[in-house]
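Trainee: File name my_file_24.txt; file contents compact mmCIF, C-alpha atoms; full text below.
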```txt
# COMPACT_ATOMS: atom_id res chain seq x y z
CA MET A 604 15.00 39.66 -15.33
CA SER A 605 11.83 41.60 -15.92
CA ILE A 606 8.56 39.79 -15.52
CA PHE A 607 7.64 40.43 -19.14
CA ALA A 608 10.88 38.79 -20.28
CA ILE A 609 10.14 35.74 -18.16
CA ILE A 610 6.64 35.42 -19.62
CA ILE A 611 7.85 35.62 -23.23
CA ALA A 612 10.71 33.24 -22.53
CA CYS A 613 8.45 30.65 -20.89
CA LEU A 614 5.75 30.79 -23.54
CA PHE A 615 7.84 31.05 -26.69
CA SER A 616 11.59 31.41 -26.82
CA SER A 617 12.58 28.77 -24.27
CA ASN A 618 9.41 26.76 -24.25
CA ILE A 619 9.57 23.76 -21.94
CA ILE A 620 8.66 21.21 -24.61
CA LEU A 621 10.02 22.68 -27.80
CA SER A 622 13.36 23.99 -26.67
CA ASN A 623 14.08 22.14 -23.40
CA PHE A 624 12.58 18.85 -24.65
CA LEU A 625 11.04 17.99 -21.30
CA GLY A 626 7.71 16.27 -20.70
CA ILE A 627 7.65 14.62 -24.13
CA CYS A 628 6.03 11.41 -22.87
CA PRO A 629 2.67 12.88 -21.76
CA PHE A 630 2.95 15.32 -24.67
CA LEU A 631 2.70 12.41 -27.10
CA GLY A 632 0.35 10.40 -24.91
CA ILE A 633 -2.38 12.93 -24.18
CA SER A 634 -2.39 15.04 -27.36
CA LYS A 635 -4.85 12.85 -29.26
CA LYS A 636 -7.88 14.96 -28.30
CA PRO A 637 -7.88 18.76 -27.71
CA SER A 638 -10.20 18.55 -24.68
CA ASN A 639 -7.92 16.04 -22.92
CA ALA A 640 -4.86 18.11 -23.80
CA ILE A 641 -6.38 21.17 -22.11
CA GLY A 642 -7.32 19.06 -19.07
CA MET A 643 -3.78 17.71 -18.82
CA GLY A 644 -2.44 21.26 -19.16
CA LEU A 645 -4.64 22.49 -16.32
CA ALA A 646 -3.73 19.59 -14.05
CA LEU A 647 -0.05 20.17 -14.76
CA THR A 648 -0.40 23.92 -14.18
CA PHE A 649 -1.87 23.28 -10.75
CA VAL A 650 0.79 20.75 -9.77
CA VAL A 651 3.70 22.79 -11.11
CA THR A 652 2.58 26.04 -9.49
CA MET A 653 1.76 24.57 -6.09
CA SER A 654 4.86 22.41 -5.93
CA ALA A 655 7.08 25.31 -7.07
CA ILE A 656 5.72 27.55 -4.30
CA ILE A 657 6.14 24.88 -1.62
CA CYS A 658 9.55 23.72 -2.87
CA PHE A 659 10.83 27.31 -3.10
CA ALA A 660 9.70 28.03 0.45
CA LEU A 661 11.10 24.76 1.82
CA GLU A 662 14.45 25.28 0.13
CA LYS A 663 14.74 28.91 1.22
CA TYR A 664 13.54 28.65 4.82
CA ILE A 665 14.25 25.07 5.87
CA LEU A 666 16.76 23.17 3.75
CA VAL A 667 19.39 25.86 3.10
CA PRO A 668 19.44 27.43 6.61
CA LEU A 669 19.76 23.97 8.16
CA GLY A 670 22.45 22.91 5.68
CA LEU A 671 20.32 20.05 4.40
CA ASP A 672 20.59 20.88 0.73
CA PHE A 673 21.41 17.27 -0.12
CA LEU A 674 17.82 16.33 0.76
CA GLN A 675 16.49 18.57 -2.03
CA LEU A 676 15.58 15.81 -4.47
CA VAL A 677 13.88 13.61 -1.87
CA ILE A 678 11.83 16.43 -0.38
CA PHE A 679 10.81 17.84 -3.76
CA ILE A 680 9.61 14.48 -5.02
CA LEU A 681 7.67 14.03 -1.76
CA VAL A 682 5.91 17.37 -2.25
CA ILE A 683 5.20 16.72 -5.94
CA ALA A 684 3.82 13.25 -5.25
CA ALA A 685 1.51 14.63 -2.57
CA PHE A 686 0.10 17.27 -4.93
CA VAL A 687 -0.42 14.77 -7.72
CA GLN A 688 -2.29 12.54 -5.29
CA PHE A 689 -4.44 15.49 -4.32
CA VAL A 690 -5.25 16.28 -7.97
CA GLU A 691 -6.15 12.62 -8.44
CA PHE A 692 -8.61 12.69 -5.50
CA PHE A 693 -10.13 15.88 -6.85
CA MET A 694 -10.54 14.60 -10.41
CA LYS A 695 -11.95 11.26 -9.26
CA LYS A 696 -14.72 13.15 -7.53
CA TYR A 697 -15.49 16.08 -9.82
CA LEU A 698 -14.03 15.33 -13.26
CA VAL A 699 -14.59 11.61 -13.75
CA SER A 700 -14.47 11.65 -17.57
CA LEU A 701 -11.18 13.57 -17.59
CA TYR A 702 -9.84 11.20 -14.91
CA LYS A 703 -10.58 8.24 -17.17
CA ALA A 704 -9.15 9.97 -20.25
CA LEU A 705 -5.86 10.85 -18.57
CA GLY A 706 -5.54 7.32 -17.19
CA ILE A 707 -2.01 6.35 -16.29
CA TYR A 708 -0.64 9.78 -17.29
CA LEU A 709 -2.22 11.43 -14.26
CA PRO A 710 -0.19 9.55 -11.62
CA LEU A 711 2.74 9.88 -14.02
CA ILE A 712 2.75 13.66 -13.51
CA THR A 713 4.76 12.70 -10.42
CA THR A 714 7.59 11.52 -12.63
CA ASN A 715 6.98 14.21 -15.23
CA CYS A 716 10.31 15.96 -15.61
CA VAL A 717 8.65 19.37 -16.11
CA VAL A 718 7.54 19.50 -12.49
CA LEU A 719 10.93 18.62 -11.02
CA PHE A 720 12.72 20.88 -13.51
CA VAL A 721 10.66 23.90 -12.48
CA ALA A 722 11.01 23.11 -8.76
CA GLN A 723 14.78 22.75 -9.01
CA LYS A 724 15.17 25.80 -11.23
CA VAL A 725 13.27 28.15 -8.92
CA ALA A 726 15.17 26.80 -5.91
CA ALA A 727 18.56 27.54 -7.50
CA TYR A 728 20.88 29.78 -5.50
CA THR A 729 24.48 30.98 -5.55
CA GLU A 730 26.78 31.11 -2.56
CA LEU A 731 29.47 33.78 -2.36
CA ASN A 732 31.55 34.23 0.81
CA GLY A 733 28.85 32.58 2.88
CA VAL A 734 26.14 34.90 1.54
CA ILE A 735 23.33 32.98 -0.14
CA THR A 736 21.44 34.68 -2.95
CA PHE A 737 18.44 33.06 -4.57
CA GLU A 738 18.15 33.58 -8.30
CA TYR A 739 14.39 34.05 -8.19
CA THR A 740 12.34 36.36 -6.02
CA PHE A 741 8.91 35.11 -4.96
CA ILE A 742 7.03 37.02 -7.70
CA ASN A 743 9.51 35.97 -10.41
CA MET A 744 9.26 32.38 -9.21
CA LEU A 745 5.46 32.44 -9.33
CA VAL A 746 5.38 33.96 -12.82
CA TYR A 747 7.99 31.49 -14.01
CA ALA A 748 6.10 28.46 -12.66
CA ILE A 749 2.70 29.54 -14.00
CA PHE A 750 3.91 30.53 -17.43
CA THR A 751 6.15 27.51 -17.91
CA SER A 752 3.14 25.27 -17.42
CA LEU A 753 0.98 27.55 -19.56
CA GLY A 754 3.66 27.26 -22.25
CA TYR A 755 3.33 23.49 -21.91
CA MET A 756 -0.44 23.79 -22.22
CA LEU A 757 -0.13 26.08 -25.25
CA VAL A 758 2.08 23.67 -27.14
CA ILE A 759 0.17 20.51 -26.21
CA THR A 760 -3.13 22.17 -27.20
CA LEU A 761 -1.79 23.46 -30.53
CA PHE A 762 -0.30 20.06 -31.19
CA SER A 763 -3.53 18.23 -30.37
CA PHE A 764 -5.35 20.27 -33.04
CA ILE A 765 -2.66 19.37 -35.56
CA ARG A 766 -2.76 15.75 -34.49
CA VAL A 767 -6.49 15.40 -35.08
CA ARG A 768 -5.80 16.25 -38.71
CA ILE A 769 -2.73 14.01 -38.93
CA ASP A 770 -4.58 11.00 -37.54
CA SER A 771 -7.42 11.42 -40.01
CA ASN A 772 -5.02 11.89 -42.92
CA LYS A 773 -5.00 8.70 -44.99
CA GLU A 774 -1.95 9.66 -47.03
CA THR A 775 0.52 9.20 -44.15
CA PRO A 776 2.95 6.43 -45.15
CA GLU A 777 2.49 3.24 -43.15
CA ALA A 778 5.98 3.46 -41.63
CA PHE A 779 5.35 6.93 -40.21
CA LYS A 780 1.97 6.29 -38.59
CA GLY A 781 1.47 6.94 -34.88
CA ASN A 782 4.24 8.37 -32.77
CA SER A 783 6.81 8.73 -35.55
CA ILE A 784 4.80 11.28 -37.52
CA ALA A 785 3.90 12.95 -34.21
CA LEU A 786 7.59 13.36 -33.36
CA ILE A 787 8.38 14.69 -36.83
CA THR A 788 5.57 17.23 -36.49
CA THR A 789 6.91 18.19 -33.06
CA SER A 790 10.33 18.84 -34.52
CA LEU A 791 8.79 21.09 -37.18
CA MET A 792 6.95 22.95 -34.42
CA ALA A 793 10.21 23.27 -32.52
CA LEU A 794 11.81 24.81 -35.62
CA ALA A 795 8.97 27.31 -35.84
CA PHE A 796 9.33 28.19 -32.17
CA ALA A 797 13.09 28.52 -32.59
CA ALA A 798 12.37 31.70 -34.53
CA PHE A 799 11.51 33.35 -31.20
CA MET A 800 15.00 32.70 -29.85
CA GLY A 801 16.37 35.82 -31.56
CA LEU A 802 14.20 38.05 -29.39
CA SER A 803 16.30 40.23 -27.12
CA LEU A 804 14.35 41.33 -24.08
CA MET B 668 29.31 14.24 16.39
CA GLU B 669 28.49 16.79 13.71
CA THR B 670 27.53 14.06 11.29
CA ILE B 671 25.09 12.65 13.83
CA ILE B 672 23.49 16.05 14.28
CA VAL B 673 23.08 16.43 10.51
CA ILE B 674 21.56 12.96 10.28
CA ILE B 675 19.11 13.75 13.08
CA LYS B 676 18.19 17.07 11.45
CA ALA B 677 17.65 15.37 8.10
CA LEU B 678 15.47 12.71 9.71
CA VAL B 679 13.36 15.25 11.59
CA VAL B 680 12.86 17.46 8.52
CA THR B 681 11.96 14.59 6.19
CA LEU B 682 9.65 12.93 8.69
CA GLY B 683 8.05 16.27 9.56
CA ILE B 684 7.33 17.23 5.97
CA GLY B 685 6.18 13.71 5.16
CA ALA B 686 3.84 13.61 8.14
CA PHE B 687 2.40 17.03 7.30
CA LEU B 688 1.73 16.10 3.67
CA GLY B 689 0.29 12.77 4.78
CA LEU B 690 -2.08 14.55 7.13
CA LEU B 691 -3.20 16.92 4.34
CA LEU B 692 -3.85 13.97 2.05
CA ALA B 693 -5.77 12.14 4.76
CA VAL B 694 -8.04 15.17 5.17
CA ALA B 695 -8.43 15.50 1.38
CA ASP B 696 -9.27 11.81 1.13
CA LYS B 697 -11.99 12.22 3.74
CA TYR B 698 -13.70 15.10 1.98
CA LEU B 699 -13.11 14.04 -1.61
CA SER B 700 -13.71 10.31 -1.31
CA VAL B 701 -15.98 8.64 -3.84
CA LYS B 702 -18.38 5.86 -3.00
CA ALA B 703 -16.96 2.90 -4.87
CA ASP B 704 -18.51 -0.49 -5.37
CA PRO B 705 -17.77 -2.36 -2.11
CA ARG B 706 -16.87 -5.50 -4.08
CA LEU B 707 -13.97 -3.64 -5.70
CA GLU B 708 -11.98 -3.40 -2.51
CA VAL B 709 -12.61 -7.02 -1.53
CA LEU B 710 -11.67 -8.23 -4.99
CA LEU B 711 -8.52 -6.11 -4.93
CA SER B 712 -7.48 -7.65 -1.62
CA MET B 713 -8.02 -11.16 -3.07
CA LEU B 714 -5.82 -10.52 -6.12
CA PRO B 715 -2.09 -11.14 -5.61
CA GLY B 716 -1.24 -7.43 -5.62
CA ALA B 717 1.92 -7.97 -7.64
CA ASN B 718 0.92 -5.30 -10.20
CA CYS B 719 2.79 -7.38 -12.78
CA GLY B 720 0.57 -6.34 -15.70
CA GLY B 721 0.47 -9.91 -16.98
CA CYS B 722 -3.30 -9.66 -17.45
CA GLY B 723 -2.92 -6.75 -19.85
CA TYR B 724 -4.38 -4.17 -17.48
CA PRO B 725 -2.36 -1.43 -15.75
CA GLY B 726 -1.94 -3.07 -12.34
CA CYS B 727 -4.27 -5.08 -10.14
CA SER B 728 -6.69 -2.21 -9.60
CA GLY B 729 -7.15 -1.88 -13.38
CA MET B 730 -7.95 -5.60 -13.56
CA ALA B 731 -10.38 -5.39 -10.61
CA ASP B 732 -12.07 -2.38 -12.25
CA SER B 733 -12.56 -4.21 -15.51
CA ILE B 734 -14.10 -7.24 -13.76
CA ILE B 735 -16.51 -5.20 -11.64
CA SER B 736 -17.56 -3.01 -14.58
CA GLY B 737 -18.21 -6.15 -16.65
CA SER B 738 -15.86 -5.38 -19.55
CA ASN B 739 -13.73 -8.40 -18.68
CA LYS B 740 -15.06 -11.73 -17.49
CA GLN B 741 -11.83 -13.70 -17.07
CA VAL B 742 -10.26 -13.58 -13.64
CA SER B 743 -8.01 -16.37 -14.95
CA LEU B 744 -6.10 -13.78 -17.00
CA CYS B 745 -4.19 -13.18 -13.79
CA LYS B 746 -0.98 -15.21 -14.09
CA PRO B 747 0.32 -15.27 -10.50
CA LEU B 748 -3.10 -16.16 -9.05
CA LYS B 749 -3.27 -19.59 -7.36
CA LYS B 750 -5.98 -22.09 -8.34
CA GLU B 751 -7.67 -22.16 -4.90
CA LYS B 752 -7.69 -18.36 -4.78
CA LEU B 753 -9.24 -18.20 -8.26
CA ALA B 754 -12.08 -20.49 -7.15
CA GLU B 755 -12.53 -18.35 -4.06
CA ILE B 756 -12.83 -15.16 -6.13
CA ILE B 757 -15.33 -16.70 -8.53
CA GLU B 758 -17.34 -18.01 -5.58
CA TYR B 759 -17.31 -14.53 -3.99
CA LEU B 760 -18.37 -12.70 -7.18
CA LYS B 761 -21.17 -15.21 -7.83
CA SER B 762 -22.55 -14.91 -4.32
CA THR B 763 -22.29 -11.15 -3.77
CA PRO B 764 -24.63 -8.78 -5.60
CA GLY B 765 -23.44 -5.27 -6.49
CA PRO B 766 -25.09 -2.02 -5.37
CA ASP B 767 -27.67 -2.30 -8.16
CA GLY B 768 -28.55 -5.89 -7.17
CA SER B 769 -26.99 -7.59 -10.22
CA VAL B 770 -24.62 -10.53 -9.83
CA LEU B 771 -21.64 -11.27 -12.08
CA ASN B 772 -22.57 -14.79 -13.15
CA ASP B 773 -20.44 -15.75 -16.12
CA ILE B 774 -17.06 -15.10 -14.49
CA LYS B 775 -14.35 -17.57 -15.39
```
Reformat the file's structure so that it appears as structure tokens.
Mentor:
Amino acid sequence: MSIFAIIIACLFSSNIILSNFLGICPFLGISKKPSNAIGMGLALTFVVTMSAIICFALEKYILVPLGLDFLQLVIFILVIAAFVQFVEFFMKKYLVSLYKALGIYLPLITTNCVVLFVAQKVAAYTELNGVITFEYTFINMLVYAIFTSLGYMLVITLFSFIRVRIDSNKETPEAFKGNSIALITTSLMALAFAAFMGLSL
Amino acid sequence: METIIVIIKALVVTLGIGAFLGLLLAVADKYLSVKADPRLEVLLSMLPGANCGGCGYPGCSGMADSIISGSNKQVSLCKPLKKEKLAEIIEYLKSTPGPDGSVLNDIK
């Protein structure tokens, strides 16, 4: 996999929200205001990148050599939770308004499936005759983690701009108001992004 | 025997990583801590700590926040709180001034 192919795949053709359908809960929860959406995207980028680096290293140099692969889930969640806690400390001190706007969704990054998905994906390996090969090299892993979360940020930001207009639109039928119209819009966005799937890189 | 070795290894690795991350967080907490209203912590320790959400706030800390900031004046919203404890909390809030010298008087 070339790095360019990874970048395009993460941003467009296999976008984490629109084609893997992960992280929908904060996607709907935080996308009401563009500024909050960008803040959420940045917080997620930090957590995803840091936890992917640590989880990759732990899996490669500690868990697999010691034959403790079954601990993967426990250890990864431990690492992710620690980073989310760190982001929370940081925001409480320096970004109080963003901290208040994100509310419950900030600690919920811990259980955000995007983070665990990326960590598990970069730690994937194949075993053939006792030889263990990791699917991702360090650089590929780093690019994958950063651009997956940037893809998340791209979609949530685009969607927040659309949502500002949807919420102020008075012609939305009563039955569709709120999350239903948001989900319908998301599916239309997913259709648009599906056009990138034909790219062969 | 081999199983025991694996169990010991797993324990050591998990505890080691946990302790390391805990240490990092402790350091981060020290340097990034925010000066909160001292009443907040006392109030939080007086609430039941069940985080049941019965009051309508996300957990006991959300409830404590709303009382200290003045947006909510009813401690009695808390369902699992005992009567004696409620009186104790009201007594405490009426007798202790905040950092700016103001007292929460009309707490119920």
Trainee: Could you produce a table of the residues of chain A lying within 7 Å of chain B, with the nearest pair of atoms per residue and their separation in Å rounded to one decimal, using all atoms listed in the file, ordered by chain and increasing residue number, as a Markdown table?
Mentor:
```
| residue | atom | partner | partner_atom | distance |
| --- | --- | --- | --- | --- |
| A:Leu671 | CA | B:Ala677 | CA | 6.5 |
| A:Ile678 | CA | B:Thr681 | CA | 6.8 |
| A:Ala685 | CA | B:Leu688 | CA | 6.4 |
| A:Phe689 | CA | B:Leu692 | CA | 6.6 |
| A:Phe692 | CA | B:Leu699 | CA | 6.1 |
| A:Phe693 | CA | B:Leu699 | CA | 6.3 |
| A:Lys696 | CA | B:Val701 | CA | 6.0 |
```
Trainee: How far is it from atom CA of A:Leu661 to atom CA of A:Gln675, in Å with one decimal?
Mentor: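 For atom CA of A:Leu661 relative to atom CA of A:Gln675, the distance reads 9.1 Å.
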Trainee: Could you write out as JSON the box around stretch 699-711 of chain B (axis-aligned, all atoms listed in the file, 5 Å on each side), with centre and edge lengths in Å to one decimal?
Mentor:
```
{"center_x": -13.5, "center_y": 2.9, "center_z": -3.5, "size_x": 20.0, "size_y": 32.3, "size_z": 14.4}
```
Trainee: Using Å and a single decimal, report how far atom CA of B:Lys775 sits from atom CA of B:Lys740.
Mentor: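 Computed distance, atom CA of B:Lys740 to atom CA of B:Lys775, equals 6.2 Å.
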Trainee: Could you give me, as a list of chain:residue names, the residues within 9 Å of A:Ile609, counting only C-alpha atoms and dropping anything in the same chain fewer than 2 positions from it?
Mentor: A:Met604, A:Ser605, A:Ile606, A:Phe607, A:Ile611, A:Ala612, A:Cys613, A:Leu614, A:Asn743, A:Val746, A:Tyr747, A:Phe750
Trainee: Of the candidates A:Ala660, A:Leu645, A:Ile665, A:Leu621, which one gets nearest to B:Val679 if we count all atoms listed in the file?
Mentor: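 Among the listed residues, A:Ile665 lies closest to B:Val679.
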Trainee: As an exercise, work out the distance from atom CA of A:Ala793 to atom CA of A:Ser622 in Å and give it to one decimal place.
Mentor: 6.7 Å
Trainee: Point out the residue among B:Pro766, B:Lys750, B:Gly726, B:Gly716 with the least atom-to-atom distance to A:Ile707, counting all atoms listed in the file.
Mentor: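 Checking each of B:Pro766, B:Lys750, B:Gly726, B:Gly716 against A:Ile707, counting all atoms listed in the file, the winner is B:Gly726.
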Trainee: For A:Phe737, please output as a list in words all residues within 9 Å (counting only C-alpha atoms; exclusion window: fewer than 2 positions along the same chain).
Mentor: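 Using only C-alpha atoms, the neighbours found are Lys663, Val725, Ala726, Ala727, Tyr728, Thr729, Glu730, Ile735, Tyr739 and Thr740 of chain A.
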Trainee: Excluding A:Phe630 and its own-chain neighbours fewer than 5 positions away, which residues fall within 12 Å of it when counting only C-alpha atoms? Please give them as a PyMOL selection string.
Mentor: chain A and resi 619-621+624-625+635-637+639-641+643-644+647+705+708+711-712+715-717+755-763+766+782+785-786+789
